[in-house]
Protein chains: 2
Amino acid sequence: MTKPATIKDIARKLGISVATVSRALRDAYDVSKETKKLVEETAAAMHYRPNFNATGLVKRSTHKIGIIIPSITNYYFSTVITGIQEYAFEKGYQVILYVTNDSPDWEEKIVRELSPGSIDGMLACITSNTKSFIHFQELIDGGLPIVFFDRFAESLNASRVLQDDYNGACIATEHLIQCGYKKIAHVTGPAKLSLTQNRLKGYLDTLGKHNLKPFGIVHSGFSKEDGIKDVEAILNEKDGPDAIFAVNDRKAIGAILALKSAGIKIGKTIGVIGFTNDPISEIISPALTTIAEPAYEIGRISCELLLRHIQKSNYPIQEIILPTELIVRNSTQILYEP
Amino acid sequence: MTKPATIKDIARKLGISVATVSRALRDAYDVSKETKKLVEETAAAMHYRPNFNATGLVKRSTHKIGIIIPSITNYYFSTVITGIQEYAFEKGYQVILYVTNDSPDWEEKIVRELSPGSIDGMLACITSNTKSFIHFQELIDGGLPIVFFDRFAESLNASRVLQDDYNGACIATEHLIQCGYKKIAHVTGPAKLSLTQNRLKGYLDTLGKHNLKPFGIVHSGFSKEDGIKDVEAILNEKDGPDAIFAVNDRKAIGAILALKSAGIKIGKTIGVIGFTNDPISEIISPALTTIAEPAYEIGRISCELLLRHIQKSNYPIQEIILPTELIVRNSTQILYEP
DNA sequence: TTTATTTTCGATAACGTTCTCGCTACTATT
DNA sequence: AATAGTAGCGAGAACGTTATCGAAAATAAA
């Protein structure tokens with residue numbers, strides 16, 4: 001119940017002015033070594049902790065950054081957040097978490113209700129169907145540094161950190177082709193998202209390179225249930241696929257479940273490849289071949305970039321793309337040696 | 001780049017005092033309806049947003065709460081956080097996330113570096129081997145409301161919200177016995193944690209009730225890998241178990257993987273039951289029988305309780321225990337009809 | 001010495017709010 | 001008509017810190 005010690009308390013105890021104490025506590029060129037040391041010692045003794053509200057008020061900088069994200073209950077997002085959190089903590093920043101539940105309305109509400117000076121910058125990942133971006137544009141216009149990750153809007157002039165969706169999709173499709181699969185379907189995500197488009201493009205381009213035709217492209221959500229539904233629909237068509245490239249692991253899991261309950265041999269009859277490298281992909285049987293995304297690094301690097309923008313207001317806008325990696329497991333198999 | 005509007009700007013524009021504007025913007029008994037309406041309108045027009053640093057300074061209350069948690073990359077924790085976040089957002093509170101990585105040193109450092117007045121309260125889940133609790137005690141002594149969830153320290157006089165670990169373990173063990181399993185091993189967690197102790201006690205008591213002997217109790221970490229190791233060790237003993245009760249789903253998953261690679265038929269030869277109801281438990285094959293924890297509700301209720309403590313400084317300390325539920329899947333089977 | 005320069009510090013005004021007074025101008029009471 | 005009460009507002013201090021300006025003391029240069 002004891003009130004926390006302030007700079008005034010230290011000043012009073014030492015018989016010096018608050019200004020001197022303040023200087024001594026920061027990087028001070030303006031204060032003698034003796035008083036600096038003295039102040040630091042008594043500050044420690046009194047358990048002094050700076051009041052961020054006060055410093056924030058005068059310096060217009062709280063050491064806080066915001067994360068706005070559709071959800072945290074999946075491997076990719078929670079790992080990105082972990083990366084962000086760790087880097088931020090190392091640099092003395094605190095992280096405020098905003099979860100949109102993938103609802104554009106919530107997203108807009110959250111952004112609109114932001115108090116000025118409550119955060120120094122923002123890490124953002126938009127919902128899968130954010131239609132208007134003016135709320136983000138207003139933040140940017142207001143001078144708040146924003147770095148997008150994973151999902152972003154082309155129209156917004158802001159830095160972003162992404163995995164290499166296009167090449168990842170190329171690698172995935174190439175792998176299926178090398179295995180000997182020929183009729184490769186793509187179970188994809190929400191149409192407007194750039195990551196969906198890039199993975200789709202990688203798929204199409206790679207098929208084209210090999211003179212193969214695209215197959216049953218279905219746009220829907222990102223969930224396991226979406227994967228099940230989409231694959232069931234594909235299976236009902238007359239001419240079925242012999243492989244499925246899913247836009248992410250959750251949908252690939254759905255695909256595996258759907259194929260299993262249809263009694264189809266996964267790998268041998270129909271190959272499945274995902275995207276993410278969710279830990280579940282090595283637990284499910286057959287284990288899921290997938291494209292690994294560097295989620296943790298994306299978090300760390302996004303945060304690093306954001307802090308640069310915060311420190312230099314004219315820091316140049318960047319697009320950082322991190323490589324992906326093919327992880328081969330049992331859901332794809334070599335059908336014949338070429 | 002335009003500076004955000006302040007209360008002063010509104011006052012100047014309307015030719016009234018800042019005090020009146022301030023009153024008009026809050027629940028004002030002291031201001032006429034006309035000026036109140038006028039102020040609200042121009043505030044909206046100028047996109048006024050209150051500055052939390054300033055209000056926090058004078059009112060000694062930021063609308064922020066902290067969550068300190070070992071990790072966010074698992075189903076239980078991320079779901080609890082989701083519950084917390086949603087409730088907090090509904091009530092106008094922001095959530096600051098602190099991740100300890102299950103390291104007692106990080107935990108202590110984070111707590112020690114908290115700035116006074118930077119949060120109004122704290123939701124906490126301790127690491128699996130926090131040895132000393134004085135850093136939390138100091139927070140409590142300093143008057144900061146804290147609510148613990150899932151993991152807590154008996155010695156700390158603070159509210160807590162828990163799942164019913166004891167009865168959950170009883171139900172789990174009882175289920176195994178009803179199935180016909182007789183030699184039930186318990187793969188458990190870090191020894192000091194109360195949840196470990198309660199689940200262990202539930203297991204022991206239920207066995208005792210049926211005159212069965214406990215079997216191969218192994219204390220280790222919470223991870224899948226720990227589960228694999230523990231079960232491999234148990235299998236190497238002369239007289240093997242016919243069922244395994246794991247302290248959580250991740251270890252149960254590890255158990256299933258270990259049993260599979262040992263070529264043991266799960267369910268028929270050895271039954272497995274977990275604790276959590278992680279989504280992965282219905283994806284793995286065989287699907288995992290488990291005790292479902294109300295993670296989301298624990299989050300919401302913890303947050304609700306914390307806000308009560310924040311609003312009434314003498315709000316009574318509570319221990320809230322939420323029920324669990326048995327979810328039967330294929331990793332346990334009825335061995336014979338009694 | 002005297003002057004110039006540096007080092008070290010204190011006073012004071014901000015930052016954007018809320019809070020406590022107290023003042024004015026009404027309305028109600030007698 | 002006199003008093004009391006009340007509604008509505010403004011002035012100014014406070015919250016804990018940093019920033020600006022200048023003053024005093026110490027040192028260096030002349």
# chains A, B, ... in the order shown; residues from 1 in each chain; ligands from 1

call {"tool": "residues_around", "arguments": {"residues": "segment 2-6 of chain C", "least_positions_apart": "3", "cutoff": "9 Å", "atoms": "only C-alpha atoms (C1' of nucleotides)", "output": "PyMOL selection string"}}
result
chain D and resi 26-30

call {"tool": "write_last_selection", "arguments": {"atoms": "N, CA and C atoms (P, O5', C5', C4', C3', O3' and C1' of nucleotides)", "output": "PDB file, in the first residue's frame"}}
result
ATOM      1  P    DA D  26      33.192  25.644  -6.212  1.00  0.00           P
ATOM      2  O5'  DA D  26      34.087  25.097  -7.407  1.00  0.00           O
ATOM      3  C5'  DA D  26      33.598  24.003  -8.184  1.00  0.00           C
ATOM      4  C4'  DA D  26      34.240  24.041  -9.546  1.00  0.00           C
ATOM      5  C3'  DA D  26      35.769  24.113  -9.537  1.00  0.00           C
ATOM      6  O3'  DA D  26      36.286  22.951 -10.167  1.00  0.00           O
ATOM      7  C1'  DA D  26      34.833  25.602 -11.139  1.00  0.00           C
ATOM      8  P    DT D  27      37.849  22.617  -9.968  1.00  0.00           P
ATOM      9  O5'  DT D  27      38.430  23.047 -11.388  1.00  0.00           O
ATOM     10  C5'  DT D  27      37.891  22.464 -12.556  1.00  0.00           C
ATOM     11  C4'  DT D  27      38.174  23.350 -13.750  1.00  0.00           C
ATOM     12  C3'  DT D  27      39.661  23.564 -14.062  1.00  0.00           C
ATOM     13  O3'  DT D  27      40.008  22.804 -15.204  1.00  0.00           O
ATOM     14  C1'  DT D  27      38.339  25.520 -14.419  1.00  0.00           C
ATOM     15  P    DA D  28      41.503  22.708 -15.641  1.00  0.00           P
ATOM     16  O5'  DA D  28      41.519  23.784 -16.832  1.00  0.00           O
ATOM     17  C5'  DA D  28      40.607  23.644 -17.901  1.00  0.00           C
ATOM     18  C4'  DA D  28      40.659  24.891 -18.776  1.00  0.00           C
ATOM     19  C3'  DA D  28      42.051  25.230 -19.305  1.00  0.00           C
ATOM     20  O3'  DA D  28      41.994  25.368 -20.717  1.00  0.00           O
ATOM     21  C1'  DA D  28      41.070  27.138 -18.260  1.00  0.00           C
ATOM     22  P    DA D  29      43.312  25.588 -21.546  1.00  0.00           P
ATOM     23  O5'  DA D  29      43.256  27.157 -21.846  1.00  0.00           O
ATOM     24  C5'  DA D  29      42.110  27.684 -22.525  1.00  0.00           C
ATOM     25  C4'  DA D  29      42.194  29.202 -22.526  1.00  0.00           C
ATOM     26  C3'  DA D  29      43.508  29.753 -23.096  1.00  0.00           C
ATOM     27  O3'  DA D  29      43.203  30.694 -24.122  1.00  0.00           O
ATOM     28  C1'  DA D  29      43.024  30.750 -20.994  1.00  0.00           C
ATOM     29  P    DA D  30      44.359  31.292 -25.035  1.00  0.00           P
ATOM     30  O5'  DA D  30      44.642  32.720 -24.394  1.00  0.00           O
ATOM     31  C5'  DA D  30      43.619  33.727 -24.458  1.00  0.00           C
ATOM     32  C4'  DA D  30      44.041  34.908 -23.579  1.00  0.00           C
ATOM     33  C3'  DA D  30      45.503  35.317 -23.734  1.00  0.00           C
ATOM     34  O3'  DA D  30      45.635  36.262 -24.813  1.00  0.00           O
ATOM     35  C1'  DA D  30      44.827  35.335 -21.441  1.00  0.00           C
TER      36       DA D  30
END

call {"tool": "interface_residues", "arguments": {"of": "chain B", "to": "chain A", "cutoff": "7 Å", "atoms": "only C-alpha atoms", "output": "VMD selection string"}}
result
chain B and resid 1 to 2 4 49 to 54 56 to 57 72 to 73 75 78 to 79 94 to 97 115 to 118 141 to 143 280 283 to 284

call {"tool": "closest_atom_pairs", "arguments": {"of": "chain D", "to": "chain B", "cutoff": "7 Å", "atoms": "only C-alpha atoms (C1' of nucleotides)", "output": "tab-separated table"}}
result
residue	atom	partner	partner_atom	distance
D:DG8	C1'	B:Val31	CA	5.7
D:DC9	C1'	B:Thr20	CA	6.7
D:DG10	C1'	B:Ser17	CA	6.2
D:DC15	C1'	B:Val58	CA	4.4

call {"tool": "write_last_selection", "arguments": {"atoms": "N, CA, C and O atoms (P, O5', C5', C4', C3', O3' and C1' of nucleotides)", "output": "short mmCIF file (atom, residue, chain, number, x, y, z; two decimals), in the first residue's frame"}}
result
data_model
loop_
_atom_site.label_atom_id
_atom_site.label_comp_id
_atom_site.auth_asym_id
_atom_site.auth_seq_id
_atom_site.Cartn_x
_atom_site.Cartn_y
_atom_site.Cartn_z
P DG D 8 -27.63 22.73 -14.92
"O5'" DG D 8 -26.37 23.68 -15.01
"C5'" DG D 8 -26.54 24.98 -15.57
"C4'" DG D 8 -25.22 25.68 -15.56
"C3'" DG D 8 -24.11 24.94 -16.31
"O3'" DG D 8 -23.67 25.77 -17.36
"C1'" DG D 8 -23.34 25.74 -14.22
P DC D 9 -22.66 25.22 -18.43
"O5'" DC D 9 -21.31 25.80 -17.86
"C5'" DC D 9 -21.09 27.21 -17.95
"C4'" DC D 9 -20.05 27.61 -16.96
"C3'" DC D 9 -18.63 27.23 -17.31
"O3'" DC D 9 -18.05 28.30 -18.05
"C1'" DC D 9 -19.08 27.13 -14.96
P DG D 10 -16.61 28.12 -18.71
"O5'" DG D 10 -15.67 28.71 -17.58
"C5'" DG D 10 -15.92 30.02 -17.10
"C4'" DG D 10 -14.89 30.41 -16.07
"C3'" DG D 10 -13.45 30.14 -16.48
"O3'" DG D 10 -12.65 31.22 -16.03
"C1'" DG D 10 -13.94 28.93 -14.50
P DC D 15 0.74 15.97 -6.34
"O5'" DC D 15 0.66 14.72 -7.30
"C5'" DC D 15 -0.55 14.05 -7.62
"C4'" DC D 15 -0.39 13.38 -8.97
"C3'" DC D 15 1.06 13.10 -9.35
"O3'" DC D 15 1.39 11.78 -8.96
"C1'" DC D 15 -0.23 13.97 -11.20
#

call {"tool": "select_by_dssp", "arguments": {"residues": "segment 38-189 of chain B", "states": "strand (DSSP E)", "output": "PyMOL selection string"}}
result
chain B and resi 64-69+94-99+121-124+146-149+159-163+184-188

call {"tool": "interface_residues", "arguments": {"of": "chain C", "to": "chain B", "cutoff": "12 Å", "atoms": "only C-alpha atoms (C1' of nucleotides)", "output": "list in words"}}
result
DC15, DG16, DT17, DT18, DC19 and DT20 of chain C

call {"tool": "write_last_selection", "arguments": {"atoms": "all heavy atoms", "output": "compact mmCIF listing (two decimals), in the first residue's frame"}}
result
# COMPACT_ATOMS: atom_id res chain seq x y z
P DC C 15 2.13 22.19 -23.92
OP1 DC C 15 2.16 22.90 -25.21
OP2 DC C 15 1.07 22.48 -22.94
O5' DC C 15 2.07 20.64 -24.22
C5' DC C 15 3.19 19.77 -24.16
C4' DC C 15 2.81 18.47 -23.52
O4' DC C 15 3.34 18.44 -22.18
C3' DC C 15 1.30 18.28 -23.34
O3' DC C 15 0.79 17.58 -24.46
C2' DC C 15 1.19 17.48 -22.05
C1' DC C 15 2.57 17.54 -21.41
N1 DC C 15 2.62 18.02 -20.00
C2 DC C 15 3.38 17.30 -19.07
O2 DC C 15 3.99 16.29 -19.45
N3 DC C 15 3.43 17.73 -17.78
C4 DC C 15 2.76 18.83 -17.42
N4 DC C 15 2.84 19.21 -16.15
C5 DC C 15 1.98 19.56 -18.36
C6 DC C 15 1.94 19.12 -19.62
P DG C 16 -0.55 18.07 -25.16
OP1 DG C 16 -0.62 17.47 -26.50
OP2 DG C 16 -0.68 19.53 -25.00
O5' DG C 16 -1.66 17.40 -24.25
C5' DG C 16 -1.78 15.98 -24.29
C4' DG C 16 -2.72 15.54 -23.20
O4' DG C 16 -2.19 15.95 -21.92
C3' DG C 16 -4.12 16.16 -23.29
O3' DG C 16 -5.05 15.11 -23.11
C2' DG C 16 -4.16 17.16 -22.14
C1' DG C 16 -3.21 16.52 -21.14
N9 DG C 16 -2.57 17.46 -20.23
C8 DG C 16 -2.13 18.72 -20.52
N7 DG C 16 -1.57 19.32 -19.49
C5 DG C 16 -1.66 18.39 -18.47
C6 DG C 16 -1.23 18.47 -17.12
O6 DG C 16 -0.66 19.41 -16.55
N1 DG C 16 -1.50 17.31 -16.41
C2 DG C 16 -2.12 16.20 -16.95
N2 DG C 16 -2.30 15.17 -16.13
N3 DG C 16 -2.53 16.11 -18.21
C4 DG C 16 -2.27 17.24 -18.90
P DT C 17 -6.61 15.30 -23.34
OP1 DT C 17 -7.04 14.52 -24.47
OP2 DT C 17 -6.92 16.75 -23.28
O5' DT C 17 -7.13 14.57 -22.07
C5' DT C 17 -7.51 15.32 -20.95
C4' DT C 17 -7.17 14.59 -19.70
O4' DT C 17 -5.97 15.16 -19.20
C3' DT C 17 -8.24 14.80 -18.67
O3' DT C 17 -8.98 13.61 -18.54
C2' DT C 17 -7.50 15.13 -17.40
C1' DT C 17 -6.07 15.41 -17.83
N1 DT C 17 -5.64 16.83 -17.60
C2 DT C 17 -5.19 17.16 -16.35
O2 DT C 17 -5.15 16.37 -15.42
N3 DT C 17 -4.78 18.46 -16.21
C4 DT C 17 -4.78 19.43 -17.19
O4 DT C 17 -4.38 20.56 -16.93
C5 DT C 17 -5.28 19.03 -18.47
C7 DT C 17 -5.31 19.99 -19.60
C6 DT C 17 -5.68 17.74 -18.62
P DT C 18 -10.41 13.71 -17.89
OP1 DT C 18 -11.02 12.39 -18.03
OP2 DT C 18 -11.08 14.91 -18.38
O5' DT C 18 -10.05 13.96 -16.35
C5' DT C 18 -9.46 12.92 -15.59
C4' DT C 18 -9.19 13.41 -14.18
O4' DT C 18 -8.40 14.61 -14.23
C3' DT C 18 -10.45 13.78 -13.38
O3' DT C 18 -10.29 13.28 -12.07
C2' DT C 18 -10.46 15.30 -13.40
C1' DT C 18 -8.97 15.60 -13.39
N1 DT C 18 -8.58 16.93 -13.95
C2 DT C 18 -7.81 17.76 -13.18
O2 DT C 18 -7.44 17.48 -12.05
N3 DT C 18 -7.49 18.96 -13.78
C4 DT C 18 -7.85 19.38 -15.04
O4 DT C 18 -7.49 20.48 -15.46
C5 DT C 18 -8.65 18.46 -15.80
C7 DT C 18 -9.09 18.82 -17.17
C6 DT C 18 -8.99 17.28 -15.23
P DC C 19 -11.57 13.16 -11.12
OP1 DC C 19 -11.75 11.74 -10.78
OP2 DC C 19 -12.68 13.92 -11.73
O5' DC C 19 -11.12 13.94 -9.81
C5' DC C 19 -9.75 14.34 -9.66
C4' DC C 19 -9.65 15.43 -8.61
O4' DC C 19 -9.26 16.66 -9.26
C3' DC C 19 -10.96 15.74 -7.88
O3' DC C 19 -10.66 15.99 -6.51
C2' DC C 19 -11.48 16.97 -8.60
C1' DC C 19 -10.19 17.68 -9.01
N1 DC C 19 -10.32 18.49 -10.26
C2 DC C 19 -9.66 19.72 -10.35
O2 DC C 19 -8.98 20.11 -9.40
N3 DC C 19 -9.78 20.44 -11.50
C4 DC C 19 -10.52 19.99 -12.51
N4 DC C 19 -10.60 20.73 -13.62
C5 DC C 19 -11.21 18.73 -12.43
C6 DC C 19 -11.09 18.03 -11.30
P DT C 20 -11.89 16.05 -5.46
OP1 DT C 20 -11.71 14.90 -4.56
OP2 DT C 20 -13.17 16.24 -6.17
O5' DT C 20 -11.57 17.39 -4.66
C5' DT C 20 -10.22 17.82 -4.54
C4' DT C 20 -10.17 19.33 -4.35
O4' DT C 20 -10.21 20.01 -5.63
C3' DT C 20 -11.33 19.89 -3.52
O3' DT C 20 -10.79 20.80 -2.58
C2' DT C 20 -12.21 20.58 -4.57
C1' DT C 20 -11.15 21.07 -5.56
N1 DT C 20 -11.64 21.32 -6.95
C2 DT C 20 -11.23 22.46 -7.59
O2 DT C 20 -10.51 23.30 -7.08
N3 DT C 20 -11.72 22.60 -8.87
C4 DT C 20 -12.54 21.73 -9.55
O4 DT C 20 -12.91 21.95 -10.69
C5 DT C 20 -12.94 20.55 -8.81
C7 DT C 20 -13.83 19.55 -9.45
C6 DT C 20 -12.47 20.40 -7.56

call {"tool": "residues_around", "arguments": {"residues": "Asn314 of chain B", "least_positions_apart": "5", "cutoff": "12 Å", "atoms": "only C-alpha atoms (C1' of nucleotides)", "output": "list in words"}}
result
Gly143, Leu144, Pro145, Ala158, Ser159, Arg308 and His309 of chain B

call {"tool": "select_by_dssp", "arguments": {"residues": "segment 86-152 of chain A", "states": "helix (DSSP H, G or I)", "output": "ChimeraX atom specification"}}
result
/A:86-90,104-112,134-141

call {"tool": "atom_distance", "arguments": {"atom1": "atom CA of Gly274 of chain A", "atom2": "atom CA of Lys251 of chain A"}}
result
7.5 Å

call {"tool": "closest_residue", "arguments": {"among": "C:DA13, C:DT1, C:DC23, C:DT8", "to": "DA11 of chain D", "atoms": "only C-alpha atoms (C1' of nucleotides)"}}
result
C:DC23

call {"tool": "atom_distance", "arguments": {"atom1": "atom CA of Gln197 of chain B", "atom2": "atom CA of Gly121 of chain B"}}
result
28.0 Å

call {"tool": "residues_around", "arguments": {"residues": "segment 221-229 of chain B", "least_positions_apart": "5", "cutoff": "8 Å", "atoms": "only C-alpha atoms (C1' of nucleotides)", "output": "number ranges by chain"}}
result
B: 187, 189-190, 246-248, 250-255, 257-258

call {"tool": "write_last_selection", "arguments": {"atoms": "all heavy atoms", "output": "PDB file, in the first residue's frame"}}
result
ATOM      1  N   VAL B 187       1.422 -40.484 -15.822  1.00  0.00           N
ATOM      2  CA  VAL B 187       2.516 -39.660 -16.335  1.00  0.00           C
ATOM      3  C   VAL B 187       2.201 -38.231 -15.953  1.00  0.00           C
ATOM      4  O   VAL B 187       1.273 -37.638 -16.494  1.00  0.00           O
ATOM      5  CB  VAL B 187       2.618 -39.808 -17.865  1.00  0.00           C
ATOM      6  CG1 VAL B 187       3.602 -38.807 -18.422  1.00  0.00           C
ATOM      7  CG2 VAL B 187       3.020 -41.226 -18.230  1.00  0.00           C
ATOM      8  N   GLY B 189       3.243 -34.158 -14.062  1.00  0.00           N
ATOM      9  CA  GLY B 189       3.978 -32.934 -14.400  1.00  0.00           C
ATOM     10  C   GLY B 189       4.954 -32.511 -13.313  1.00  0.00           C
ATOM     11  O   GLY B 189       5.249 -33.292 -12.410  1.00  0.00           O
ATOM     12  N   PRO B 190       5.437 -31.286 -13.393  1.00  0.00           N
ATOM     13  CA  PRO B 190       6.381 -30.776 -12.390  1.00  0.00           C
ATOM     14  C   PRO B 190       5.790 -30.915 -10.988  1.00  0.00           C
ATOM     15  O   PRO B 190       4.652 -30.527 -10.737  1.00  0.00           O
ATOM     16  CB  PRO B 190       6.545 -29.310 -12.784  1.00  0.00           C
ATOM     17  CG  PRO B 190       6.263 -29.274 -14.250  1.00  0.00           C
ATOM     18  CD  PRO B 190       5.197 -30.305 -14.461  1.00  0.00           C
ATOM     19  N   ALA B 246      -2.321 -39.333 -18.491  1.00  0.00           N
ATOM     20  CA  ALA B 246      -1.316 -38.272 -18.626  1.00  0.00           C
ATOM     21  C   ALA B 246      -1.853 -36.977 -18.048  1.00  0.00           C
ATOM     22  O   ALA B 246      -3.049 -36.686 -18.137  1.00  0.00           O
ATOM     23  CB  ALA B 246      -0.941 -38.081 -20.090  1.00  0.00           C
ATOM     24  N   VAL B 247      -0.965 -36.201 -17.483  1.00  0.00           N
ATOM     25  CA  VAL B 247      -1.350 -34.974 -16.792  1.00  0.00           C
ATOM     26  C   VAL B 247      -1.913 -33.929 -17.762  1.00  0.00           C
ATOM     27  O   VAL B 247      -2.658 -33.046 -17.364  1.00  0.00           O
ATOM     28  CB  VAL B 247      -0.149 -34.406 -16.006  1.00  0.00           C
ATOM     29  CG1 VAL B 247       0.913 -33.856 -16.965  1.00  0.00           C
ATOM     30  CG2 VAL B 247      -0.590 -33.333 -15.025  1.00  0.00           C
ATOM     31  N   ASN B 248      -1.541 -34.024 -19.029  1.00  0.00           N
ATOM     32  CA  ASN B 248      -2.149 -33.136 -20.024  1.00  0.00           C
ATOM     33  C   ASN B 248      -2.141 -33.810 -21.392  1.00  0.00           C
ATOM     34  O   ASN B 248      -1.547 -34.881 -21.573  1.00  0.00           O
ATOM     35  CB  ASN B 248      -1.451 -31.768 -20.055  1.00  0.00           C
ATOM     36  CG  ASN B 248      -0.047 -31.860 -20.606  1.00  0.00           C
ATOM     37  OD1 ASN B 248       0.440 -32.935 -20.934  1.00  0.00           O
ATOM     38  ND2 ASN B 248       0.614 -30.726 -20.701  1.00  0.00           N
ATOM     39  N   ARG B 250      -0.749 -32.895 -24.195  1.00  0.00           N
ATOM     40  CA  ARG B 250       0.520 -32.953 -24.916  1.00  0.00           C
ATOM     41  C   ARG B 250       1.322 -34.178 -24.515  1.00  0.00           C
ATOM     42  O   ARG B 250       1.897 -34.878 -25.354  1.00  0.00           O
ATOM     43  CB  ARG B 250       1.328 -31.672 -24.669  1.00  0.00           C
ATOM     44  CG  ARG B 250       0.815 -30.500 -25.496  1.00  0.00           C
ATOM     45  CD  ARG B 250       1.650 -29.266 -25.270  1.00  0.00           C
ATOM     46  NE  ARG B 250       1.409 -28.675 -23.962  1.00  0.00           N
ATOM     47  CZ  ARG B 250       2.277 -27.928 -23.303  1.00  0.00           C
ATOM     48  NH1 ARG B 250       3.472 -27.691 -23.812  1.00  0.00           N
ATOM     49  NH2 ARG B 250       1.966 -27.415 -22.129  1.00  0.00           N
ATOM     50  N   LYS B 251       1.328 -34.465 -23.230  1.00  0.00           N
ATOM     51  CA  LYS B 251       2.037 -35.674 -22.801  1.00  0.00           C
ATOM     52  C   LYS B 251       1.293 -36.932 -23.237  1.00  0.00           C
ATOM     53  O   LYS B 251       1.916 -37.961 -23.532  1.00  0.00           O
ATOM     54  CB  LYS B 251       2.237 -35.669 -21.279  1.00  0.00           C
ATOM     55  CG  LYS B 251       3.152 -34.549 -20.810  1.00  0.00           C
ATOM     56  CD  LYS B 251       3.589 -34.725 -19.370  1.00  0.00           C
ATOM     57  CE  LYS B 251       4.791 -35.632 -19.258  1.00  0.00           C
ATOM     58  NZ  LYS B 251       5.419 -35.559 -17.906  1.00  0.00           N
ATOM     59  N   ALA B 252      -0.017 -36.841 -23.287  1.00  0.00           N
ATOM     60  CA  ALA B 252      -0.791 -37.994 -23.758  1.00  0.00           C
ATOM     61  C   ALA B 252      -0.485 -38.263 -25.232  1.00  0.00           C
ATOM     62  O   ALA B 252      -0.375 -39.424 -25.652  1.00  0.00           O
ATOM     63  CB  ALA B 252      -2.285 -37.732 -23.559  1.00  0.00           C
ATOM     64  N   ILE B 253      -0.343 -37.179 -25.995  1.00  0.00           N
ATOM     65  CA  ILE B 253       0.041 -37.325 -27.404  1.00  0.00           C
ATOM     66  C   ILE B 253       1.405 -38.019 -27.480  1.00  0.00           C
ATOM     67  O   ILE B 253       1.611 -38.961 -28.267  1.00  0.00           O
ATOM     68  CB  ILE B 253       0.121 -35.950 -28.093  1.00  0.00           C
ATOM     69  CG1 ILE B 253      -1.230 -35.245 -28.091  1.00  0.00           C
ATOM     70  CG2 ILE B 253       0.678 -36.084 -29.507  1.00  0.00           C
ATOM     71  CD1 ILE B 253      -2.296 -35.904 -28.893  1.00  0.00           C
ATOM     72  N   GLY B 254       2.311 -37.554 -26.638  1.00  0.00           N
ATOM     73  CA  GLY B 254       3.625 -38.194 -26.577  1.00  0.00           C
ATOM     74  C   GLY B 254       3.492 -39.671 -26.249  1.00  0.00           C
ATOM     75  O   GLY B 254       4.177 -40.527 -26.845  1.00  0.00           O
ATOM     76  N   ALA B 255       2.600 -39.979 -25.313  1.00  0.00           N
ATOM     77  CA  ALA B 255       2.377 -41.376 -24.932  1.00  0.00           C
ATOM     78  C   ALA B 255       1.894 -42.184 -26.131  1.00  0.00           C
ATOM     79  O   ALA B 255       2.405 -43.280 -26.411  1.00  0.00           O
ATOM     80  CB  ALA B 255       1.354 -41.445 -23.797  1.00  0.00           C
ATOM     81  N   LEU B 257       2.312 -41.565 -29.273  1.00  0.00           N
ATOM     82  CA  LEU B 257       3.392 -41.722 -30.253  1.00  0.00           C
ATOM     83  C   LEU B 257       4.375 -42.806 -29.795  1.00  0.00           C
ATOM     84  O   LEU B 257       4.815 -43.650 -30.586  1.00  0.00           O
ATOM     85  CB  LEU B 257       4.120 -40.392 -30.457  1.00  0.00           C
ATOM     86  CG  LEU B 257       3.268 -39.270 -31.072  1.00  0.00           C
ATOM     87  CD1 LEU B 257       4.054 -37.966 -31.156  1.00  0.00           C
ATOM     88  CD2 LEU B 257       2.764 -39.677 -32.453  1.00  0.00           C
ATOM     89  N   ALA B 258       4.703 -42.795 -28.517  1.00  0.00           N
ATOM     90  CA  ALA B 258       5.646 -43.797 -28.004  1.00  0.00           C
ATOM     91  C   ALA B 258       5.061 -45.205 -28.118  1.00  0.00           C
ATOM     92  O   ALA B 258       5.750 -46.149 -28.519  1.00  0.00           O
ATOM     93  CB  ALA B 258       5.986 -43.483 -26.547  1.00  0.00           C
TER      94      ALA B 258
END

call {"tool": "atom_distance", "arguments": {"atom1": "atom CA of Ala292 of chain A", "atom2": "atom CA of Lys213 of chain A"}}
result
25.6 Å

call {"tool": "residues_around", "arguments": {"residues": "DT30 of chain C", "least_positions_apart": "2", "cutoff": "12 Å", "atoms": "only C-alpha atoms (C1' of nucleotides)", "output": "PDB file with C-alpha atoms (C1' of nucleotides), in the first residue's frame"}}
result
ATOM      1  C1'  DA C  28     -37.124  28.070  -4.739  1.00  0.00           C
TER       2       DA C  28
ATOM      3  C1'  DA D   1     -38.424  41.188  -0.692  1.00  0.00           C
ATOM      4  C1'  DA D   2     -35.008  38.819   1.542  1.00  0.00           C
ATOM      5  C1'  DT D   3     -32.662  34.669   2.091  1.00  0.00           C
ATOM      6  C1'  DA D   4     -31.307  30.102   1.004  1.00  0.00           C
TER       7       DA D   4
END
